[in-house]
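Listing of start.pdb, PDB, C-alpha atoms
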```
MODEL        1
ATOM      1  CA  MET A  52       0.000   0.000   0.000  1.00  0.00           C
ATOM      2  CA  LEU A  53       2.780   2.385   0.926  1.00  0.00           C
ATOM      3  CA  ASP A  54       4.548   1.778  -2.394  1.00  0.00           C
ATOM      4  CA  ALA A  55       1.404   2.665  -4.325  1.00  0.00           C
ATOM      5  CA  GLN A  56       1.028   5.875  -2.339  1.00  0.00           C
ATOM      6  CA  ARG A  57       4.651   6.796  -2.975  1.00  0.00           C
ATOM      7  CA  GLU A  58       4.303   6.132  -6.700  1.00  0.00           C
ATOM      8  CA  ASN A  59       1.145   8.216  -6.797  1.00  0.00           C
ATOM      9  CA  TYR A  60       2.928  11.055  -4.984  1.00  0.00           C
ATOM     10  CA  ASN A  61       5.860  10.862  -7.407  1.00  0.00           C
ATOM     11  CA  ALA A  62       3.491  10.979 -10.376  1.00  0.00           C
ATOM     12  CA  GLN A  63       1.812  14.077  -8.944  1.00  0.00           C
ATOM     13  CA  GLN A  64       5.181  15.763  -8.441  1.00  0.00           C
ATOM     14  CA  GLN A  65       6.151  14.990 -12.031  1.00  0.00           C
ATOM     15  CA  LEU A  66       2.882  16.492 -13.254  1.00  0.00           C
ATOM     16  CA  ILE A  67       3.375  19.631 -11.162  1.00  0.00           C
ATOM     17  CA  LEU A  68       6.925  20.060 -12.453  1.00  0.00           C
ATOM     18  CA  ALA A  69       5.810  19.523 -16.047  1.00  0.00           C
ATOM     19  CA  ASN A  70       3.059  22.116 -15.685  1.00  0.00           C
ATOM     20  CA  LEU A  71       5.425  24.563 -14.012  1.00  0.00           C
ATOM     21  CA  ASP A  72       7.963  24.064 -16.783  1.00  0.00           C
ATOM     22  CA  ARG A  73       5.309  24.627 -19.449  1.00  0.00           C
ATOM     23  CA  GLY A  74       4.117  27.753 -17.654  1.00  0.00           C
ATOM     24  CA  LEU A  75       7.632  29.185 -17.497  1.00  0.00           C
ATOM     25  CA  ASN A  76       8.197  28.420 -21.177  1.00  0.00           C
ATOM     26  CA  SER A  77       4.943  30.184 -22.073  1.00  0.00           C
ATOM     27  CA  LEU A  78       5.917  33.180 -19.968  1.00  0.00           C
ATOM     28  CA  ALA A  79       9.308  33.396 -21.672  1.00  0.00           C
ATOM     29  CA  LEU A  80       7.616  33.159 -25.064  1.00  0.00           C
ATOM     30  CA  TYR A  81       5.122  35.918 -24.232  1.00  0.00           C
ATOM     31  CA  ARG A  82       7.917  38.159 -22.980  1.00  0.00           C
ATOM     32  CA  ALA A  83       9.974  37.534 -26.114  1.00  0.00           C
ATOM     33  CA  LEU A  84       6.969  38.341 -28.293  1.00  0.00           C
ATOM     34  CA  ALA A  85       6.261  41.508 -26.310  1.00  0.00           C
ATOM     35  CA  VAL A  86       9.857  42.691 -26.759  1.00  0.00           C
ATOM     36  CA  TRP A  87       9.713  41.864 -30.474  1.00  0.00           C
ATOM     37  CA  ASP A  88       6.395  43.716 -30.790  1.00  0.00           C
ATOM     38  CA  ALA A  89       7.857  46.773 -29.041  1.00  0.00           C
ATOM     39  CA  SER A  90      10.877  46.799 -31.354  1.00  0.00           C
ATOM     40  CA  LEU A  91       8.540  46.688 -34.362  1.00  0.00           C
ATOM     41  CA  ASP A  92       6.666  49.694 -33.003  1.00  0.00           C
ATOM     42  CA  GLU A  93       9.921  51.623 -32.623  1.00  0.00           C
ATOM     43  CA  ALA A  94      10.979  50.726 -36.159  1.00  0.00           C
ATOM     44  CA  SER A  95       7.670  51.843 -37.660  1.00  0.00           C
ATOM     45  CA  GLY A  96       7.753  55.097 -35.689  1.00  0.00           C
ATOM     46  CA  ASP A  97      11.061  55.983 -37.288  1.00  0.00           C
TER      47      ASP A  97
ENDMDL
END
```

Before we go any further, please render this structure as structure tokens.
Amino acid sequence: MLDAQRENYNAQQQLILANLDRGLNSLALYRALAVWDASLDEASGD
């Protein structure tokens, strides 16, 4: 029983880490796009 609980806990931790990783990647992507968008605005304002 204890082994099953430990495996379940490990699976939950893996899921949390995967979601966290995906969230951080999305955040980095949004920030990169925002910077790119801002540089386009500066170029067009020239």

Step by step, gather every atom of segment 78-95 of chain A that the file lists, find the box along x, y and z that holds them, add 5 Å on each side, and finally give centre and edge lengths in Å to one decimal, as lines of an AutoDock Vina configuration file.
```
center_x = 8.1
center_y = 42.5
center_z = -28.8
size_x = 15.9
size_y = 28.7
size_z = 27.7
```

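Our summary of the geometry notes that atom CA of Ala62 of chain A is positioned 18.3 Å from atom CA of Gly74 of chain A.
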
Separation of atom CA of Asp88 of chain A from atom CA of Asp72 of chain A in Å:
24.2 Å

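Here atom CA of Ala69 of chain A is placed at a distance of 25.8 Å from atom CA of Val86 of chain A.
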
Chain A from the block above: C-alpha atoms written as a compact mmCIF listing (two decimals), in the first residue's frame:
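What ended up in selection.txt:
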```txt
# COMPACT_ATOMS: atom_id res chain seq x y z
CA MET A 52 0.00 0.00 0.00
CA LEU A 53 2.78 2.38 0.93
CA ASP A 54 4.55 1.78 -2.39
CA ALA A 55 1.40 2.67 -4.33
CA GLN A 56 1.03 5.87 -2.34
CA ARG A 57 4.65 6.80 -2.97
CA GLU A 58 4.30 6.13 -6.70
CA ASN A 59 1.14 8.22 -6.80
CA TYR A 60 2.93 11.05 -4.98
CA ASN A 61 5.86 10.86 -7.41
CA ALA A 62 3.49 10.98 -10.38
CA GLN A 63 1.81 14.08 -8.94
CA GLN A 64 5.18 15.76 -8.44
CA GLN A 65 6.15 14.99 -12.03
CA LEU A 66 2.88 16.49 -13.25
CA ILE A 67 3.37 19.63 -11.16
CA LEU A 68 6.93 20.06 -12.45
CA ALA A 69 5.81 19.52 -16.05
CA ASN A 70 3.06 22.12 -15.69
CA LEU A 71 5.43 24.56 -14.01
CA ASP A 72 7.96 24.06 -16.78
CA ARG A 73 5.31 24.63 -19.45
CA GLY A 74 4.12 27.75 -17.65
CA LEU A 75 7.63 29.19 -17.50
CA ASN A 76 8.20 28.42 -21.18
CA SER A 77 4.94 30.18 -22.07
CA LEU A 78 5.92 33.18 -19.97
CA ALA A 79 9.31 33.40 -21.67
CA LEU A 80 7.62 33.16 -25.06
CA TYR A 81 5.12 35.92 -24.23
CA ARG A 82 7.92 38.16 -22.98
CA ALA A 83 9.97 37.53 -26.11
CA LEU A 84 6.97 38.34 -28.29
CA ALA A 85 6.26 41.51 -26.31
CA VAL A 86 9.86 42.69 -26.76
CA TRP A 87 9.71 41.86 -30.47
CA ASP A 88 6.40 43.72 -30.79
CA ALA A 89 7.86 46.77 -29.04
CA SER A 90 10.88 46.80 -31.35
CA LEU A 91 8.54 46.69 -34.36
CA ASP A 92 6.67 49.69 -33.00
CA GLU A 93 9.92 51.62 -32.62
CA ALA A 94 10.98 50.73 -36.16
CA SER A 95 7.67 51.84 -37.66
CA GLY A 96 7.75 55.10 -35.69
CA ASP A 97 11.06 55.98 -37.29
```
